[in-house]
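What follows is a set of notes on a single structure, which appears directly below.
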Amino acid sequence: MKYDFKKIEKKWQKTWSKNDYAVWHAEEKPRAREMYVLDMFPYPSGEGLHVGHVEGYTASDILSRYYRMRGFNVLHPMGWDAFGLPAENYAIKKKVHPAEVVKQNVKRFKEQLNKLGFSYDWQREVNTTDPEYYKWTQWIFLQLFEKGLAYEAEVPVNWCPKDKTVLANEEVIDGCCERCSEQVERKNLKQWVLKITAYADRLLKDLEDLDWPDKVKEMQKNWIGRSEGAEIDFPVANSTLKIKVFTTRPDTIPGVTYLVLAPEHALISQLDARITNPNAVKEYLETARHKSERERIADIRQKTGVELRGIKAVNPLTGKEIPVWTSDYVLSGYGTGAIMAVPAHDQRDFEFAKNFELPIVQVISLTGREEDLASAYGGDGIMINAGEELNGLGNQLAKETIIEKLEAHKKVNYKLRDWVFSRQRYWGEPIPLIFCEQCKKQAVNSKFQTPNSKHNEFNEGEILNPGWVPVPEEDLPVELPKVKNYEPTGSAESPLAGIDKWVNVKCPQCGEPAKRETNTMPQWAGSCWYYLAYILSEKLKVKSDKDFWDKKSLDYWLPVDVYIGGVEHAVLHLLYARFWHKFLHDIEAVSTKEPFQRLVNQGLILGPDNQKMSKSRGNVVNPDELVEKFGADSLRLYEMFMGPLEDAKPWQPDGIVGVHRFLNRVWNLVGEKRKTKSEKTDDKLERLLHKTIKKVTEDVEGLKFNTAISSLMILVNEMEKAESIVNSQLLLVTKLLFPFAPHIAQELWSQLGPSASSGQASLLDHEDWPKYDEKLITEEDFELLIQVNGKLRDKVMVSKNTTQEEAEKLVLGMEKIKEFVGKAKPKKIIFVPGRLINIVV
RNA sequence: GCCCUCGUGGUGGAAUUGGCAGACACGCCAGCUUUAGGAGCUGGUUCCGCAAGGAAUAGAGGUUCGAGUCCUCUCGAGGGCACCA
């Protein structure tokens with residue numbers, strides 16, 4: 001009989017789908033060991049499933065099937081991250097509602113996933129665009145608001161002119177939009193911002209305990225960018241004003257030869273009247289303002305700037321007057337927006353000083369003498385040119401001395417910026433806030449007088465954002481209104497702003513006319529808590545608000561044991577979700593500090609040309625075609641066999657043929673041997689079988705699927721050659737193969753297994769994972785490697801209990817070895833029991 | 001510029017973590033087979049050499065009885081951050 005994968009796969013997919021996929025439905029069983037295996041849920045794009053999805057989803061499916069057989073209670077859910085630009089852009093183009101687009105795409109994705117035989121708990125399926133889902137996204141936002149972690153501010157933001165919306169810092173790659181690659185512009189806009197910086201320290205520190213790839217930890221660490229230093233005041237000469245700077249190197253203060261203010265620094269306008277070159281300064285500020293992010297980055301090597309003539313600052317250590325400049329190499333958003341420049345010890349200052357012929361004073365030297373510096377010296381050394389008190393000290397000691405002397409404040413700064421959280425687009429969660437002029441007046445006054453108004457007590461968010469009133473919990477969700485036109489307006493408002501009926505509401509606090517917030521949440525909002533939504537999915541459906549945050553269930557399943565997905569979310573989704581989780585922990589909605597205990601990044605599958613797959617390169621591999629031609633089992637197996645899960649690997653078009661052949665051989669092997677019905681157990685084969693059980697078990701747990709498959713291939717190769725195979729051996733092979741290629745394994749099981757004759761197939765999902773017999777794995781004899789001077793010369797089979805004396809006697813008596821050793825007495829003999837002997841002459 | 005990861009046959013990749021380099025596959029070569037399919041079977045396939053043997057894990061040094069694996073430097077590739085003071 002031929003291996004008819006199409007028929008087999010269809011047959012079992014149908015069986016598994018019975019009763020809404022009840023086989024894989026996870027229930028909370030007390031005392032059972034639980035295992036939460038999570039995939040990064042897809043954005044259901046119009047293009048359908050990609051081979052990259054298949055890679056990660058196959059890996060998690062193997063784990064899920066394996067742990068189920070090991071008796072774990074496995075939660076392995078799937079859902080849809082369906083808000084966002086592509087659906088909206090497609091909808092605009094095709095004039096269909098985005099919700100309709102999402103519906104179609106989800107249907108297609110689900111079909112594709114099922115055709116690959118992934119064992120998801122579909123009863124827990126969630127969709128971020130479902131109002132019953134985003135109700136709780138909005139609810140979490142309101143909790144953030146009430147705790148003062150959401151605030152409205154006019155901030156410089158990244159604006160994508162093509163997508164006509166603001167972007168978070170994390171969404172800007174090389175000065176370009178993460179989605180459409182358009183150059184972003186800087187704009188000052190009033191935006192909702194989440195105070196992720198309040199969690200900077202914990203987001204950094206708690207990375208330590210996570211079982212994550214070093215690379216991702218490193219990326220988050222760099223993104224958070226903690227640096228310790230001190231704030232130093234530089235008095236402005238003939239003035240009471242001070243210029244505050246942040247530095248990590250107070251030891252270099254004696255070498256400060258000028259100060260630089262960011263073009264946006266408030267002091268520039270304050271000192272306006274005293275600047276003697278106002279036109280030059282104004283002109284510079286103007287050009288700086290119009291520079292794009294791109295241009296600024298391009299200017300790294302050529303620093304521009306202008307001196308604020310007429311203004312001098314005083315070096316607090318030397319007492320010397322130094323010039324004050326402004327330059328856009330100083331960022332307004334970091335530290336104090338002003339720096340002390342130490343050209344001798346900071347490369348950027350060095351370049352600036354060279355460019356404008358400013359003095360360079362070396363104060364730290366490795367040799368203790370002044371050198372002719374070709375670039376800034378950033379290392380440690382001895383203080384020079386730093387005054388009697390400091391000269392000769394090591395710079396680290398000098399650092400402490402200077403901080404003490406100047407009574408400076410130690411200070412920690414972060415690169416991490418608060419999360420710009422509003423988008424000027426239609427297809428996102430409405431931000432559930434209402435602006436009320438009436439309440440604004442009262443909120444402003446509420447700090448000074450007891451509120452005796454219609455407005456109840458003000459929460460932190462309302463005090464921080466006067467006039468903004470949260471939509472009451474019972475009115476959630478704030479549903480996206482259906483509109484005819486969802487084109488972005490190109491202004492700071494979303495298309496929702498045009499719907500008067502929706503915008504104009506009564507203030508839920510005082511009843512006066514008020515207006516809804518019309519911006520929507522960013523793409524990332526829904527994915528910040530979807531792993532919790534799966535657990536709570538039952539409660540999502542019944543629409544009861546009571547006990548929605550079912551802590552017992554959350555405690556049962558959390559944290560996620562294994563989380564598999566691409567590395568592209570390292571500082572986006574993974575940082576945002578950690579932030580929300582920590583916040584939910586603080587308000588006691590969840591018990592764990594972190595959401596995802598173990599993270600695995602599947603490596604990119606490259607095109608056959610070793611380049612990233614892309615439509616423009618024409619090197620995209622389509623999984624549908626492969627399933628059609630070779631079957632889902634072959635595709636799954638090949639993607640796992642390609643190489644280590646975490647490595648980037650090129651697609652080899654012929655590679656899938658190899659694993660397809662393998663499955664054919666398994667099929668034929670079982671078919672043929674079933675007829676011969678051998679009774680005698682082949683001892684050698686039995687040993688190999690048990691070794692393979694051990695190997696596959698260990699490799700699956702270590703996610704080393706490529707070597708697990710290779711060991712199965714070795715086993716099958718040997719079985720083909722074997723004189724006799726018994727049924728129980730074949731059954732073990734089908735079990736071992738099941739997580740990788742479930743359809744063929746299940747089919748063979750139904751033909752050979754205990755229920756074969758009854759016609760009522762038992763499912764492998766409910767069978768036990770094979771155990772190996774330790775006795776069959778440990779061999780009595782082993783091959784002793786014989787080395788002379790570290791070079792392999794011969795091998796000999798000996799008992800595993802062979803002592804060094806016995807081995808020496810045996811080996812030194814061998815003719816071949818005598819030749820290599822010669823007549824001289826061995827200098828030294830190394831003996832590694834059970835492995836090798838090395839004779840050194 | 002800084003940080004991270006990685007360099008093994010014609011190709012994807014193995015190597016029990018310091019102990020037989022190249023498992024398992026793809027491809028290729030030779031033969032068989034014919035049911036002519038991208039899919040069967042057998043054998044071969046790192047390089048030099050007829051062989052004994054020698055060389056070889058990007059390159060150069062080092063540690064070690066022993067290094068693909070550890071250390072130092074150089075070269076190369078991929079990724080991340082990028083004027084963060």
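The way I read the labels, and the way they are meant: chains A, B, ... in the order of the structure tokens, residue 1 as the first residue of every chain, and ligand 1 as the first ligand shown, with later ones counted on from there.
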**OP:** Just the strand (DSSP E) stuff from region 134-275 of chain A, please, per backbone DSSP, written as a PyMOL selection string.
**Re:** chain A and resi 150-160+165-167+172-173+176-177+185-194+226-235+242-247+258-261
**OP:** Identify all chain A residues at most 7 Å from chain B by counting only C-alpha atoms (C1' of nucleotides); ligands do not count. Present them as a VMD selection string.
**Re:** chain A and resid 215 219 222 247 300 329 to 330 334 339 348 415 642 to 643 654 to 655 658 661 710 789 to 790 830 838 840
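Summary of the local environment: counting only C-alpha atoms (C1' of nucleotides), residues at most 10 Å from Leu476 (chain A), other than itself and those fewer than 5 positions away along its chain, are Pro131, Glu132, Tyr134, Lys135, Trp136, Gln138, Trp139, Pro432 and Val471 of chain A.
Between CA of Pro44 (chain A) and CA of Val102 (chain A) there is a distance of 6.9 Å.
Computed from the coordinates, the CA of Cys177 (chain A) to CA of Trp192 (chain A) distance equals 19.4 Å.
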Pick out the residues sitting within 10 Å of region 751-759 of chain A, and hand them over as a tab-separated table (two decimals) with N, CA and C atoms, in the first residue's frame; count only C-alpha atoms (C1' of nucleotides), and ignore anything fewer than 5 positions along from it in its own chain.
```tsv
chain	number	residue	atom	x	y	z
A	670	VAL	N	6.81	-0.54	8.18
A	670	VAL	CA	5.72	-1.03	9.01
A	670	VAL	C	4.81	-1.95	8.19
A	671	GLY	N	4.54	-1.54	6.96
A	671	GLY	CA	3.68	-2.35	6.10
A	671	GLY	C	4.25	-3.73	5.87
A	674	ARG	N	4.80	-5.95	9.15
A	674	ARG	CA	3.55	-6.38	9.74
A	674	ARG	C	3.17	-7.75	9.16
A	727	ASN	N	6.29	-6.45	16.84
A	727	ASN	CA	5.27	-5.41	16.80
A	727	ASN	C	5.51	-4.32	17.84
A	728	SER	N	5.93	-4.74	19.03
A	728	SER	CA	6.12	-3.75	20.10
A	728	SER	C	7.20	-2.74	19.73
A	730	LEU	N	7.85	-1.70	16.68
A	730	LEU	CA	7.24	-0.77	15.72
A	730	LEU	C	6.36	0.25	16.43
A	731	LEU	N	5.65	-0.22	17.45
A	731	LEU	CA	4.78	0.69	18.19
A	731	LEU	C	5.58	1.78	18.87
A	734	THR	N	6.44	4.43	16.35
A	734	THR	CA	5.34	5.36	16.02
A	734	THR	C	5.14	6.39	17.13
A	745	ALA	N	2.14	8.91	12.13
A	745	ALA	CA	2.33	8.10	13.33
A	745	ALA	C	0.98	7.61	13.85
A	746	GLN	N	0.00	8.49	13.86
A	746	GLN	CA	-1.33	8.11	14.33
A	746	GLN	C	-1.95	7.04	13.42
A	764	LEU	N	-3.04	8.55	19.93
A	764	LEU	CA	-1.70	8.57	20.51
A	764	LEU	C	-1.55	9.69	21.54
```
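What separates CA of Glu779 (chain A) from CA of Leu669 (chain A) is a distance of 27.4 Å.
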Original post:
Could you pull out the helix (DSSP H, G or I) residues of region 115-265 of chain A from DSSP and send them as a ChimeraX atom specification?
Top reply: /A:115,122-124,131-146,169-171,196-209,214-224,250-255
